[in-house]
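K.L.:
File follows, data37.tsv with TSV, C-alpha atoms:
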```tsv
chain	number	residue	atom	x	y	z
A	1	MET	CA	0.00	0.00	0.00
A	2	GLN	CA	1.28	3.45	-0.88
A	3	GLN	CA	0.13	6.75	0.47
A	4	ASN	CA	-0.38	9.71	-1.76
A	5	THR	CA	0.25	13.21	-0.57
A	6	ARG	CA	-0.84	16.47	-2.16
A	7	HIS	CA	1.76	17.53	-4.69
A	8	THR	CA	2.29	20.78	-6.52
A	9	ALA	CA	5.03	22.00	-8.81
A	10	HIS	CA	6.28	24.22	-6.01
A	11	GLN	CA	6.94	21.51	-3.46
A	12	HIS	CA	10.44	20.85	-2.18
A	13	ARG	CA	11.11	17.16	-2.72
A	14	ILE	CA	12.61	15.33	0.26
A	15	VAL	CA	13.51	11.68	-0.24
A	16	VAL	CA	14.47	9.48	2.71
A	17	VAL	CA	16.06	6.13	1.82
A	18	GLY	CA	15.81	3.44	4.47
A	19	ALA	CA	13.04	3.05	7.06
A	20	GLY	CA	14.90	1.67	10.04
A	21	TYR	CA	15.07	3.53	13.33
A	22	THR	CA	16.84	6.51	11.77
A	23	GLY	CA	15.08	6.85	8.42
A	24	ALA	CA	11.60	6.39	9.87
A	25	SER	CA	12.36	8.83	12.69
A	26	ALA	CA	13.67	11.45	10.27
A	27	ALA	CA	10.68	11.16	7.92
A	28	GLY	CA	8.18	11.47	10.75
A	29	ARG	CA	9.98	14.39	12.31
A	30	LEU	CA	10.15	16.22	8.99
A	31	ALA	CA	6.42	15.69	8.54
A	32	ALA	CA	5.85	17.30	11.92
A	33	ARG	CA	8.13	20.25	11.16
A	34	LEU	CA	7.21	21.23	7.59
A	35	HIS	CA	3.97	22.34	5.95
A	36	ARG	CA	2.48	19.75	3.61
A	37	GLU	CA	1.74	22.27	0.88
A	38	ASP	CA	5.43	23.19	0.70
A	39	VAL	CA	7.15	19.79	0.74
A	40	SER	CA	6.70	16.23	-0.47
A	41	ILE	CA	8.32	13.57	1.73
A	42	THR	CA	8.96	10.15	0.20
A	43	LEU	CA	10.19	7.28	2.36
A	44	VAL	CA	11.79	4.44	0.37
A	45	ASN	CA	12.13	0.99	1.93
A	46	ALA	CA	12.42	-2.54	0.57
A	47	GLU	CA	10.27	-4.13	3.29
A	48	PRO	CA	6.68	-3.21	4.19
A	49	ASP	CA	7.30	-3.47	7.93
A	50	PHE	CA	9.47	-1.56	10.37
A	51	VAL	CA	12.09	-3.94	11.76
A	52	GLU	CA	13.16	-3.63	15.41
A	53	ARG	CA	16.80	-4.41	14.77
A	54	VAL	CA	17.65	-4.39	18.48
A	55	ARG	CA	15.34	-7.40	18.91
A	56	LEU	CA	16.59	-9.57	16.07
A	57	HIS	CA	18.40	-11.90	18.47
A	58	GLN	CA	14.97	-12.60	19.97
A	59	LEU	CA	13.53	-13.35	16.53
A	60	ALA	CA	16.45	-15.68	15.80
A	61	VAL	CA	15.71	-17.90	18.82
A	62	GLY	CA	12.04	-18.27	17.89
A	63	GLN	CA	10.29	-15.43	19.66
A	64	ASN	CA	7.58	-13.60	17.70
A	65	LEU	CA	7.93	-9.84	17.31
A	66	LEU	CA	5.04	-7.43	17.07
A	67	PRO	CA	4.40	-6.56	13.39
A	68	ARG	CA	4.70	-2.86	12.63
A	69	PRO	CA	3.46	-2.10	9.07
A	70	LEU	CA	5.00	1.10	7.75
A	71	ASP	CA	1.87	2.15	5.87
A	72	ALA	CA	-0.10	2.11	9.12
A	73	MET	CA	2.66	3.96	10.99
A	74	PHE	CA	2.69	6.82	8.50
A	75	ALA	CA	-1.02	6.94	7.68
A	76	GLY	CA	-2.23	10.53	7.80
A	77	THR	CA	1.23	12.04	8.25
A	78	GLY	CA	1.74	13.19	4.66
A	79	VAL	CA	4.73	10.86	4.24
A	80	ARG	CA	4.50	8.82	1.02
A	81	LEU	CA	5.78	5.26	1.42
A	82	ARG	CA	7.51	3.76	-1.60
A	83	LEU	CA	8.24	0.03	-1.36
A	84	ALA	CA	11.37	-0.46	-3.45
A	85	ARG	CA	15.02	-1.44	-3.31
A	86	VAL	CA	17.56	1.36	-3.72
A	87	THR	CA	20.01	0.27	-6.40
A	88	GLY	CA	21.81	3.53	-7.13
A	89	ILE	CA	22.19	7.17	-6.18
A	90	ASP	CA	23.39	9.95	-8.48
A	91	VAL	CA	24.22	12.86	-6.18
A	92	ASP	CA	25.14	15.09	-9.12
A	93	ALA	CA	21.86	14.54	-10.99
A	94	ARG	CA	20.06	14.34	-7.60
A	95	THR	CA	18.21	11.11	-8.30
A	96	VAL	CA	17.69	7.82	-6.47
A	97	THR	CA	17.36	4.71	-8.62
A	98	VAL	CA	14.96	2.09	-7.29
A	99	THR	CA	13.52	-1.24	-8.42
A	100	PRO	CA	10.50	-3.20	-7.15
A	101	PRO	CA	11.45	-5.35	-4.12
A	102	GLU	CA	10.94	-8.67	-5.95
A	103	ALA	CA	12.13	-7.61	-9.40
A	104	PRO	CA	15.14	-9.41	-10.96
A	105	ALA	CA	18.39	-7.46	-10.85
A	106	GLY	CA	18.48	-4.74	-13.47
A	107	SER	CA	14.76	-4.76	-14.30
A	108	GLY	CA	12.02	-2.28	-13.48
A	109	ALA	CA	14.43	0.52	-12.56
A	110	GLU	CA	13.05	4.01	-11.97
A	111	ASP	CA	14.64	7.29	-10.93
A	112	ILE	CA	13.18	9.35	-8.08
A	113	PRO	CA	14.33	12.99	-8.18
A	114	TYR	CA	15.06	14.86	-4.98
A	115	ASP	CA	15.95	18.31	-3.75
A	116	THR	CA	17.08	17.04	-0.36
A	117	LEU	CA	18.18	13.46	0.27
A	118	VAL	CA	18.32	11.79	3.68
A	119	TYR	CA	20.50	8.70	3.42
A	120	ALA	CA	19.60	6.10	6.07
A	121	LEU	CA	20.36	2.73	4.48
A	122	GLY	CA	22.28	1.66	7.57
A	123	SER	CA	24.67	-1.24	7.67
A	124	ALA	CA	25.02	-5.00	7.26
A	125	TRP	CA	27.30	-7.58	8.81
A	126	ASN	CA	31.05	-7.24	8.39
A	127	THR	CA	32.76	-10.50	7.40
A	128	HIS	CA	36.24	-8.89	7.54
A	129	GLY	CA	37.13	-11.14	4.62
A	130	VAL	CA	37.46	-14.22	6.85
A	131	PRO	CA	37.25	-17.39	4.72
A	132	GLY	CA	34.00	-19.32	4.98
A	133	VAL	CA	31.97	-16.64	6.75
A	134	GLU	CA	29.71	-15.81	3.82
A	135	GLU	CA	29.23	-19.49	2.96
A	136	HIS	CA	28.73	-20.99	6.41
A	137	ALA	CA	28.02	-18.33	9.05
A	138	HIS	CA	24.76	-16.62	9.99
A	139	ASP	CA	24.05	-12.98	10.80
A	140	ILE	CA	21.37	-11.04	12.64
A	141	ALA	CA	22.08	-7.66	11.06
A	142	GLY	CA	18.74	-7.88	9.25
A	143	ARG	CA	15.42	-9.66	9.49
A	144	ALA	CA	16.21	-12.12	6.69
A	145	GLY	CA	19.40	-13.25	8.41
A	146	ALA	CA	17.65	-13.68	11.75
A	147	LEU	CA	14.96	-15.83	10.12
A	148	ARG	CA	17.55	-18.02	8.42
A	149	LEU	CA	19.28	-18.56	11.75
A	150	ARG	CA	15.96	-19.38	13.41
A	151	ASP	CA	15.31	-22.09	10.83
A	152	ARG	CA	18.80	-23.52	11.33
A	153	LEU	CA	18.48	-23.58	15.11
A	154	ALA	CA	15.12	-25.32	14.87
A	155	ASP	CA	16.80	-28.18	13.00
A	156	LEU	CA	19.53	-28.74	15.61
A	157	ALA	CA	19.34	-31.75	17.88
A	158	PRO	CA	19.90	-31.46	21.64
A	159	GLY	CA	23.58	-31.18	22.49
A	160	SER	CA	24.51	-29.57	19.18
A	161	PRO	CA	27.27	-26.96	19.46
A	162	VAL	CA	26.57	-23.36	18.43
A	163	ALA	CA	29.28	-20.68	18.28
A	164	VAL	CA	28.78	-16.92	18.51
A	165	VAL	CA	31.73	-14.97	17.13
A	166	GLY	CA	32.21	-11.47	18.56
A	167	GLY	CA	32.28	-10.24	22.15
A	168	GLY	CA	30.58	-6.88	21.68
A	169	LEU	CA	27.02	-5.89	22.48
A	170	THR	CA	25.44	-7.91	19.68
A	171	GLY	CA	27.41	-11.06	20.42
A	172	VAL	CA	26.78	-10.92	24.16
A	173	GLU	CA	23.05	-10.37	23.69
A	174	ALA	CA	22.78	-13.13	21.10
A	175	ALA	CA	24.73	-15.69	23.12
A	176	THR	CA	22.72	-15.15	26.31
A	177	GLU	CA	19.39	-15.08	24.48
A	178	LEU	CA	20.26	-18.31	22.70
A	179	ALA	CA	21.53	-20.10	25.81
A	180	GLU	CA	18.42	-19.12	27.78
A	181	ALA	CA	15.96	-20.07	25.03
A	182	ARG	CA	17.76	-23.29	24.06
A	183	PRO	CA	19.44	-24.73	27.17
A	184	ASP	CA	19.68	-28.04	25.28
A	185	LEU	CA	22.36	-26.60	22.98
A	186	ALA	CA	26.06	-26.18	23.76
A	187	VAL	CA	26.59	-22.43	23.25
A	188	SER	CA	30.03	-20.86	23.08
A	189	LEU	CA	31.23	-17.31	22.49
A	190	ILE	CA	34.52	-16.46	20.80
A	191	SER	CA	35.91	-13.03	21.67
A	192	ARG	CA	39.00	-11.30	20.32
A	193	GLY	CA	39.62	-9.73	23.74
A	194	PRO	CA	38.62	-10.48	27.32
A	195	LEU	CA	34.89	-10.95	27.91
A	196	GLY	CA	33.31	-7.59	28.75
A	197	ASP	CA	36.54	-5.61	28.46
A	198	TRP	CA	34.44	-2.58	27.48
A	199	LEU	CA	32.55	-2.66	30.78
A	200	SER	CA	33.28	-1.42	34.28
A	201	PRO	CA	34.56	-4.02	36.79
A	202	LYS	CA	31.05	-4.32	38.25
A	203	GLY	CA	29.52	-4.78	34.81
A	204	ALA	CA	32.13	-7.33	33.74
A	205	ARG	CA	31.62	-9.36	36.94
A	206	HIS	CA	27.88	-9.49	36.35
A	207	LEU	CA	28.36	-10.50	32.74
A	208	ARG	CA	30.62	-13.40	33.75
A	209	LYS	CA	28.11	-14.45	36.42
A	210	VAL	CA	25.28	-14.60	33.86
A	211	PHE	CA	27.44	-16.48	31.33
A	212	ALA	CA	28.38	-19.04	33.99
A	213	GLY	CA	24.75	-19.47	35.01
A	214	LEU	CA	23.75	-20.10	31.39
A	215	ARG	CA	26.71	-22.46	30.90
A	216	ILE	CA	28.13	-20.51	27.96
A	217	THR	CA	31.70	-21.51	27.13
A	218	VAL	CA	33.88	-18.47	26.49
A	219	HIS	CA	36.99	-18.46	24.29
A	220	GLU	CA	38.74	-15.19	25.16
A	221	ASN	CA	41.63	-13.46	23.39
A	222	THR	CA	40.90	-15.62	20.38
A	223	ASP	CA	40.65	-14.76	16.68
A	224	VAL	CA	38.60	-16.77	14.18
A	225	THR	CA	40.60	-17.49	11.03
A	226	ALA	CA	38.03	-19.55	9.11
A	227	VAL	CA	34.45	-20.82	9.36
A	228	HIS	CA	33.38	-24.27	8.19
A	229	ALA	CA	30.02	-26.04	8.13
A	230	ASP	CA	30.75	-27.85	11.40
A	231	ARG	CA	33.37	-25.73	13.18
A	232	ALA	CA	35.16	-22.42	13.52
A	233	THR	CA	38.92	-22.46	13.16
A	234	THR	CA	40.59	-20.12	15.65
A	235	THR	CA	44.05	-19.15	16.81
A	236	GLY	CA	43.47	-21.50	19.73
A	237	GLY	CA	42.25	-24.48	17.71
A	238	ASP	CA	38.94	-25.64	16.27
A	239	VAL	CA	35.65	-24.83	18.04
A	240	PRO	CA	32.80	-27.22	17.12
A	241	ALA	CA	29.78	-25.42	15.66
A	242	GLU	CA	26.79	-26.84	13.83
A	243	ALA	CA	25.73	-23.20	13.48
A	244	THR	CA	28.01	-20.15	13.65
A	245	LEU	CA	26.64	-16.68	14.32
A	246	TRP	CA	28.95	-13.88	13.12
A	247	THR	CA	28.65	-10.63	15.12
A	248	THR	CA	32.00	-8.90	14.67
A	249	GLY	CA	30.71	-5.46	13.79
A	250	PHE	CA	28.90	-3.79	10.92
A	251	ALA	CA	29.82	-2.53	7.47
A	252	VAL	CA	28.01	0.29	5.69
A	253	HIS	CA	26.01	-0.30	2.52
A	254	PRO	CA	28.39	-0.41	-0.49
A	255	ILE	CA	26.10	1.74	-2.63
A	256	VAL	CA	27.81	4.90	-1.35
A	257	ARG	CA	31.18	3.95	-2.83
A	258	ALA	CA	29.69	4.27	-6.33
A	259	THR	CA	28.82	7.93	-5.69
A	260	THR	CA	30.96	11.07	-5.50
A	261	LEU	CA	30.06	11.63	-1.85
A	262	GLU	CA	33.00	12.24	0.47
A	263	THR	CA	33.44	9.24	2.74
A	264	ALA	CA	35.64	7.97	5.53
A	265	GLU	CA	37.92	4.99	5.01
A	266	ASP	CA	35.18	2.55	6.03
A	267	GLY	CA	32.67	4.00	3.57
A	268	GLN	CA	30.68	6.11	6.02
A	269	ILE	CA	29.53	9.45	4.63
A	270	THR	CA	31.39	12.31	6.30
A	271	VAL	CA	29.00	14.89	7.74
A	272	ASP	CA	29.09	18.12	9.72
A	273	ALA	CA	27.43	18.80	13.08
A	274	THR	CA	24.00	18.97	11.42
A	275	MET	CA	24.49	15.59	9.65
A	276	ARG	CA	24.88	17.31	6.27
A	277	SER	CA	27.36	15.82	3.80
A	278	THR	CA	30.69	17.62	3.75
A	279	SER	CA	30.78	17.37	-0.05
A	280	HIS	CA	27.12	17.65	-1.11
A	281	PRO	CA	25.00	20.10	0.92
A	282	ASP	CA	21.71	18.67	-0.37
A	283	VAL	CA	22.52	15.25	1.15
A	284	TYR	CA	22.18	14.32	4.82
A	285	ALA	CA	23.43	11.01	6.22
A	286	ILE	CA	22.21	9.54	9.50
A	287	GLY	CA	22.72	6.47	11.64
A	288	ASP	CA	25.30	3.82	10.75
A	289	ALA	CA	25.84	5.39	7.31
A	290	ALA	CA	27.29	8.62	8.75
A	291	ARG	CA	30.74	9.44	10.08
A	292	ALA	CA	29.71	11.96	12.71
A	293	ALA	CA	31.79	13.39	15.51
A	294	GLY	CA	30.50	13.04	19.05
A	295	PRO	CA	31.83	14.50	22.30
A	296	GLY	CA	35.57	15.09	22.19
A	297	GLY	CA	35.60	14.60	18.43
A	298	LYS	CA	35.26	10.82	18.83
A	299	PRO	CA	33.20	9.22	16.01
A	300	LEU	CA	29.78	8.05	17.08
A	301	ARG	CA	29.51	4.27	17.15
A	302	MET	CA	27.08	2.35	15.00
A	303	SER	CA	24.08	1.90	17.28
A	304	CYS	CA	20.46	2.86	17.86
A	305	ALA	CA	21.70	5.15	20.65
A	306	SER	CA	23.63	7.16	18.05
A	307	GLY	CA	21.25	6.77	15.13
A	308	VAL	CA	18.00	8.18	16.48
A	309	PRO	CA	19.57	11.42	17.81
A	310	SER	CA	21.34	11.84	14.45
A	311	ALA	CA	17.96	11.50	12.70
A	312	TRP	CA	16.46	14.20	14.92
A	313	GLN	CA	19.47	16.43	14.28
A	314	ALA	CA	19.23	16.06	10.51
A	315	ALA	CA	15.45	16.55	10.35
A	316	ASP	CA	15.58	19.66	12.51
A	317	ALA	CA	18.49	21.06	10.49
A	318	ILE	CA	16.68	20.48	7.18
A	319	ALA	CA	13.54	22.12	8.53
A	320	ALA	CA	15.51	25.05	9.90
A	321	ARG	CA	17.35	25.71	6.65
A	322	LEU	CA	14.17	25.50	4.61
A	323	THR	CA	12.10	27.70	6.91
A	324	GLY	CA	14.70	30.19	8.05
A	325	THR	CA	14.47	29.18	11.71
A	326	LYS	CA	17.31	28.54	14.16
A	327	LEU	CA	19.64	25.64	13.45
A	328	PRO	CA	19.81	22.93	16.14
A	329	THR	CA	22.94	23.05	18.27
A	330	VAL	CA	22.51	20.07	20.60
A	331	SER	CA	24.90	17.28	19.63
A	332	ALA	CA	24.59	13.60	20.47
A	333	ARG	CA	26.08	12.26	23.69
A	334	TYR	CA	25.95	8.93	25.46
A	335	VAL	CA	24.43	8.12	28.85
A	336	ASN	CA	24.47	4.35	29.11
A	337	GLN	CA	24.81	1.08	27.24
A	338	CYS	CA	21.72	-1.12	27.59
A	339	VAL	CA	22.40	-4.84	27.33
A	340	SER	CA	19.80	-7.60	27.46
A	341	LEU	CA	21.11	-10.91	28.81
A	342	GLY	CA	18.13	-13.07	27.97
A	343	ARG	CA	14.62	-12.20	29.10
A	344	LYS	CA	15.33	-12.25	32.85
A	345	GLU	CA	18.72	-10.59	33.17
A	346	GLY	CA	20.18	-7.31	31.96
A	347	LEU	CA	23.03	-4.87	32.34
A	348	ILE	CA	22.88	-1.10	32.16
A	349	GLN	CA	26.43	0.21	31.98
A	350	TYR	CA	26.60	3.94	32.64
A	351	VAL	CA	29.12	5.80	30.50
A	352	THR	CA	30.69	9.20	29.95
A	353	ALA	CA	29.44	11.49	27.21
A	354	ASP	CA	32.01	9.96	24.84
A	355	ASP	CA	30.96	6.39	25.67
A	356	ARG	CA	33.60	5.29	28.22
A	357	ALA	CA	32.39	3.07	31.06
A	358	VAL	CA	32.18	4.52	34.56
A	359	SER	CA	32.00	2.49	37.77
A	360	ALA	CA	28.20	2.63	38.10
A	361	ALA	CA	26.10	-0.13	36.56
A	362	LEU	CA	22.58	-1.48	37.02
A	363	THR	CA	22.28	-5.27	36.92
A	364	GLY	CA	19.81	-8.14	37.24
A	365	ARG	CA	16.07	-8.04	36.76
A	366	PRO	CA	15.77	-4.23	37.13
A	367	ALA	CA	18.26	-3.83	34.29
A	368	ALA	CA	16.27	-6.25	32.11
A	369	LEU	CA	13.09	-4.23	32.71
A	370	TYR	CA	14.97	-0.99	31.98
A	371	LYS	CA	16.27	-2.36	28.67
A	372	GLU	CA	12.80	-3.57	27.70
A	373	LEU	CA	11.39	-0.11	28.43
A	374	VAL	CA	14.08	1.49	26.25
A	375	CYS	CA	13.28	-0.87	23.36
A	376	LYS	CA	9.55	-0.22	23.63
A	377	ALA	CA	10.05	3.54	23.85
A	378	ALA	CA	12.28	3.56	20.76
A	379	ALA	CA	9.75	1.57	18.75
A	380	TRP	CA	6.86	3.72	19.98
A	381	GLY	CA	8.66	6.88	18.93
A	382	VAL	CA	9.13	5.53	15.42
A	383	ALA	CA	5.61	4.12	15.20
A	384	HIS	CA	4.04	7.44	16.27
A	385	PRO	CA	6.20	9.92	14.36
A	386	THR	CA	3.94	12.94	14.80
A	387	LEU	CA	2.94	12.17	18.40
A	388	SER	CA	6.44	11.87	19.86
A	389	LEU	CA	6.98	15.64	19.59
A	390	PRO	CA	4.76	18.71	19.24
A	391	THR	CA	3.63	19.30	15.65
A	392	ARG	CA	4.78	22.76	14.62
A	393	ARG	CA	4.71	22.91	10.86
A	394	HIS	CA	6.48	25.91	9.37
A	395	ARG	CA	6.16	27.36	5.88
A	396	LEU	CA	9.17	27.48	3.58
A	397	THR	CA	10.67	30.94	3.38
A	398	THR	CA	12.60	31.02	0.11
A	399	GLU	CA	11.40	30.73	-3.47
A	400	ARG	CA	14.46	28.58	-4.17
A	401	ALA	CA	13.32	26.00	-1.61
A	402	ARG	CA	9.68	26.18	-2.72
A	403	ALA	CA	10.57	25.58	-6.36
A	404	GLY	CA	12.94	22.75	-5.57
A	405	ALA	CA	15.62	24.47	-7.61
A	406	GLY	CA	18.51	23.61	-5.33
A	407	ALA	CA	19.78	22.61	-1.94
A	408	PRO	CA	18.83	24.50	1.22
A	409	THR	CA	21.08	27.42	1.93
A	410	ALA	CA	23.34	27.37	5.01
```
In structure tokens, write the structure found in this file.
P.N.:
Amino acid sequence: MQQNTRHTAHQHRIVVVGAGYTGASAAGRLAARLHREDVSITLVNAEPDFVERVRLHQLAVGQNLLPRPLDAMFAGTGVRLRLARVTGIDVDARTVTVTPPEAPAGSGAEDIPYDTLVYALGSAWNTHGVPGVEEHAHDIAGRAGALRLRDRLADLAPGSPVAVVGGGLTGVEAATELAEARPDLAVSLISRGPLGDWLSPKGARHLRKVFAGLRITVHENTDVTAVHADRATTTGGDVPAEATLWTTGFAVHPIVRATTLETAEDGQITVDATMRSTSHPDVYAIGDAARAAGPGGKPLRMSCASGVPSAWQAADAIAARLTGTKLPTVSARYVNQCVSLGRKEGLIQYVTADDRAVSAALTGRPAALYKELVCKAAAWGVAHPTLSLPTRRHRLTTERARAGAGAPTA
């Protein structure tokens, strides 16, 4: 289902690509900030539903997630939903090339013109070029990967070994969720460094306590050099694995490398404090796709905690430049890291503004409830884009913006 919005030749065309936490948040916030007669907002996404990425480890172990259809979320907002895959972006011609979600590669292509582009295609798993990962490992960076892993786990007999590679937030959450949901499996986690080395001493102690209680075997200070159908080869020997889950970080969508956008070495789009591209002022990048500086000049990490504030920043900056109002000046900062350790345990690690752990941490059942509240609040904010903040639609102030003849002025 697609929504149509009133369109005139004088509307400024805003196209948002990607409807994850960041893209959906940006589109909804823009709809609440700008007058419908002055702008058209098109949200492009390949799937009809909003995916709660922070819950994909739950989906992978067989839990059912609440469906959140995008057309229902944006009904009545003025945002036009376009179900399509983004296959190319021409930032010089200011067009986005899309194809129908199920169309064969290279067929059914269409160009969508824009005056302002919000790039929110996010990231996928990062194989780091390790042999066998693409062929034999699973990922939970997207819904499709989580469903494939769920099917594989359902086929495993009791006692089967499962290995989770990566000791960061995603790996820790996946390993504990899996061990709690499937105590009949032999779950192990392989970490390049010590388990929980990014936590405070209190947080690390609690993490080890939970892992011990769930009988998760931990291989610390160990690198994986290859993945096979029945094992992971590491610097410490082979680790049996009838299923291997790869969670060693994320890589940005490769589509950006085919453009003339200025990027960092990892392919993230370099942006200023308002999330505007440093090379193309009519392009904004948010979430995992953006190389944005946080407190102390430290790049923001790829996470929901970084992505949603960056979406707010970009939407408010676009609205301000188009309407002649004050640019936003509040930059993103961190408060805590919320970690689910199954459904009954959790860990809230409090951090400095630049994401370094402090001594304080909340653990146990209260932390699990806190994390669940955070997840529900994030999803609610996306699902109710014009209710999560006061609607104050402003009129565009320049004929250049109204006519869609160029990028917003600084």
K.L.:
Of the residues A:Phe211, A:Trp198, A:Tyr114, A:Tyr119, which is the one nearest to A:Arg356, using all atoms listed in the file?
P.N.:
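Selected residue with least distance to A:Arg356: A:Trp198.
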K.L.:
Between A:Leu149, A:Leu81, A:Ala144, A:Leu245, single out the one closest to A:Arg53, counting all atoms listed in the file.
P.N.:
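The answer is A:Ala144, which sits nearest to A:Arg53.
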K.L.:
Rank nothing, just name the residue among A:Asp115, A:Asp139, A:Asp49, A:Asp355 nearest to A:Leu65, using all atoms listed in the file.
P.N.:
A:Asp49
K.L.:
Please list as number ranges by chain every residue within 12 Å of A:Asp184, counting all atoms listed in the file and excluding residues in the same chain fewer than 2 positions away.
P.N.:
A: 153-154, 156-162, 178-182, 186-187, 214-216
K.L.:
Box for stretch 24-27 of chain A: with edges along x, y and z, all listed atoms inside and 8 Å added on each side, what are the centre and edge lengths in Å to one decimal, as JSON?
P.N.:
```
{"center_x": 12.2, "center_y": 8.9, "center_z": 10.3, "size_x": 19.0, "size_y": 21.1, "size_z": 20.8}
```
K.L.:
Of the candidates A:Gly20, A:Gly167, A:Arg29, A:Ile286, which shows the shortest atom-to-atom distance to A:Leu199, using all atoms listed in the file?
P.N.:
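Going through A:Gly20, A:Gly167, A:Arg29, A:Ile286 one by one, the smallest distance to A:Leu199 is for A:Gly167.
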K.L.:
Given the point (2.5, 4.6, 11.1) in the file's coordinates, find the residues that have an atom at most 12 Å from it, counting only C-alpha atoms, and give them as an NGL selection string.
P.N.:
:A and (3 or 19 or 24-25 or 27-28 or 43 or 48-50 or 67-81 or 379-387)
K.L.:
Please produce a file of those selected residues containing C-alpha atoms, as an mmCIF file, in the frame of the given file.
P.N.:
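What landed in part18.cif:
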```cif
data_model
loop_
_atom_site.group_PDB
_atom_site.id
_atom_site.type_symbol
_atom_site.label_atom_id
_atom_site.label_comp_id
_atom_site.auth_asym_id
_atom_site.auth_seq_id
_atom_site.Cartn_x
_atom_site.Cartn_y
_atom_site.Cartn_z
ATOM 1 C CA GLN A 3 0.130 6.750 0.470
ATOM 2 C CA ALA A 19 13.040 3.050 7.060
ATOM 3 C CA ALA A 24 11.600 6.390 9.870
ATOM 4 C CA SER A 25 12.360 8.830 12.690
ATOM 5 C CA ALA A 27 10.680 11.160 7.920
ATOM 6 C CA GLY A 28 8.180 11.470 10.750
ATOM 7 C CA LEU A 43 10.190 7.280 2.360
ATOM 8 C CA PRO A 48 6.680 -3.210 4.190
ATOM 9 C CA ASP A 49 7.300 -3.470 7.930
ATOM 10 C CA PHE A 50 9.470 -1.560 10.370
ATOM 11 C CA PRO A 67 4.400 -6.560 13.390
ATOM 12 C CA ARG A 68 4.700 -2.860 12.630
ATOM 13 C CA PRO A 69 3.460 -2.100 9.070
ATOM 14 C CA LEU A 70 5.000 1.100 7.750
ATOM 15 C CA ASP A 71 1.870 2.150 5.870
ATOM 16 C CA ALA A 72 -0.100 2.110 9.120
ATOM 17 C CA MET A 73 2.660 3.960 10.990
ATOM 18 C CA PHE A 74 2.690 6.820 8.500
ATOM 19 C CA ALA A 75 -1.020 6.940 7.680
ATOM 20 C CA GLY A 76 -2.230 10.530 7.800
ATOM 21 C CA THR A 77 1.230 12.040 8.250
ATOM 22 C CA GLY A 78 1.740 13.190 4.660
ATOM 23 C CA VAL A 79 4.730 10.860 4.240
ATOM 24 C CA ARG A 80 4.500 8.820 1.020
ATOM 25 C CA LEU A 81 5.780 5.260 1.420
ATOM 26 C CA ALA A 379 9.750 1.570 18.750
ATOM 27 C CA TRP A 380 6.860 3.720 19.980
ATOM 28 C CA GLY A 381 8.660 6.880 18.930
ATOM 29 C CA VAL A 382 9.130 5.530 15.420
ATOM 30 C CA ALA A 383 5.610 4.120 15.200
ATOM 31 C CA HIS A 384 4.040 7.440 16.270
ATOM 32 C CA PRO A 385 6.200 9.920 14.360
ATOM 33 C CA THR A 386 3.940 12.940 14.800
ATOM 34 C CA LEU A 387 2.940 12.170 18.400
#
```
K.L.:
Using all atoms listed in the file for the distances, tell me which of A:Gly62, A:Pro309, A:Gly23, A:Gly18 is nearest to A:Arg148.
P.N.:
A:Gly62
K.L.:
Taking the point (34.7, 5.5, 8.4) as given in the file, collect each protein or nucleic acid residue that comes within 10 Å of it, counting only C-alpha atoms, and present the set as a list in words.
P.N.:
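Protein, DNA and RNA residues close to (34.7, 5.5, 8.4): Ala251, Val252, Thr263, Ala264, Glu265, Asp266, Gly267, Gln268, Ile269, Thr270, Asp288, Ala289, Ala290, Arg291, Ala292 and Pro299 of chain A.
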K.L.:
Tell me which of A:Arg192, A:His206, A:Arg150, A:His12 sits closest to A:Asn221, counting all atoms listed in the file.
P.N.:
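With all atoms listed in the file as the atom set, the closest residue is A:Arg192.
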K.L.:
To one decimal place, how far is atom CA of A:Thr217 from atom CA of A:Asn64 in Å?
P.N.:
27.1 Å
K.L.:
Tell me which protein, DNA and RNA residues are within 12 Å of A:Glu134, counting all atoms listed in the file, leaving out same-chain ones fewer than 3 positions away, and put them as a CSV table (one decimal) with C-alpha atoms, in the coordinates of the input.
P.N.:
```csv
chain,number,residue,atom,x,y,z
A,125,TRP,CA,27.3,-7.6,8.8
A,126,ASN,CA,31.0,-7.2,8.4
A,127,THR,CA,32.8,-10.5,7.4
A,128,HIS,CA,36.2,-8.9,7.5
A,129,GLY,CA,37.1,-11.1,4.6
A,130,VAL,CA,37.5,-14.2,6.8
A,131,PRO,CA,37.2,-17.4,4.7
A,137,ALA,CA,28.0,-18.3,9.0
A,138,HIS,CA,24.8,-16.6,10.0
A,139,ASP,CA,24.0,-13.0,10.8
A,145,GLY,CA,19.4,-13.2,8.4
A,226,ALA,CA,38.0,-19.6,9.1
A,227,VAL,CA,34.4,-20.8,9.4
A,228,HIS,CA,33.4,-24.3,8.2
A,229,ALA,CA,30.0,-26.0,8.1
A,244,THR,CA,28.0,-20.2,13.6
A,245,LEU,CA,26.6,-16.7,14.3
A,246,TRP,CA,29.0,-13.9,13.1
```
K.L.:
If I take atom CA of A:Arg85 and atom CA of A:Arg143, how far is one from the other in Å, to one decimal?
P.N.:
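Atom CA of A:Arg143 lies 15.2 Å from atom CA of A:Arg85.
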K.L.:
So how far away is atom CA of A:Ile89 from atom CA of A:Val17, in Å?
P.N.:
10.1 Å
K.L.:
Identify, on the basis of all atoms listed in the file, every residue whose closest approach to A:Asp230 does not exceed 8 Å; exclude the query and any residue fewer than 3 positions from it along the same chain; express the result as a list in words.
P.N.:
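The neighbour list is Pro240, Ala241, Glu242 and Ala243 of chain A.
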K.L.:
For C-alpha atoms, I'd like the residues from the last selection saved as a compact mmCIF listing (two decimals), keeping the file's coordinate frame.
P.N.:
```txt
# COMPACT_ATOMS: atom_id res chain seq x y z
CA PRO A 240 32.80 -27.22 17.12
CA ALA A 241 29.78 -25.42 15.66
CA GLU A 242 26.79 -26.84 13.83
CA ALA A 243 25.73 -23.20 13.48
```
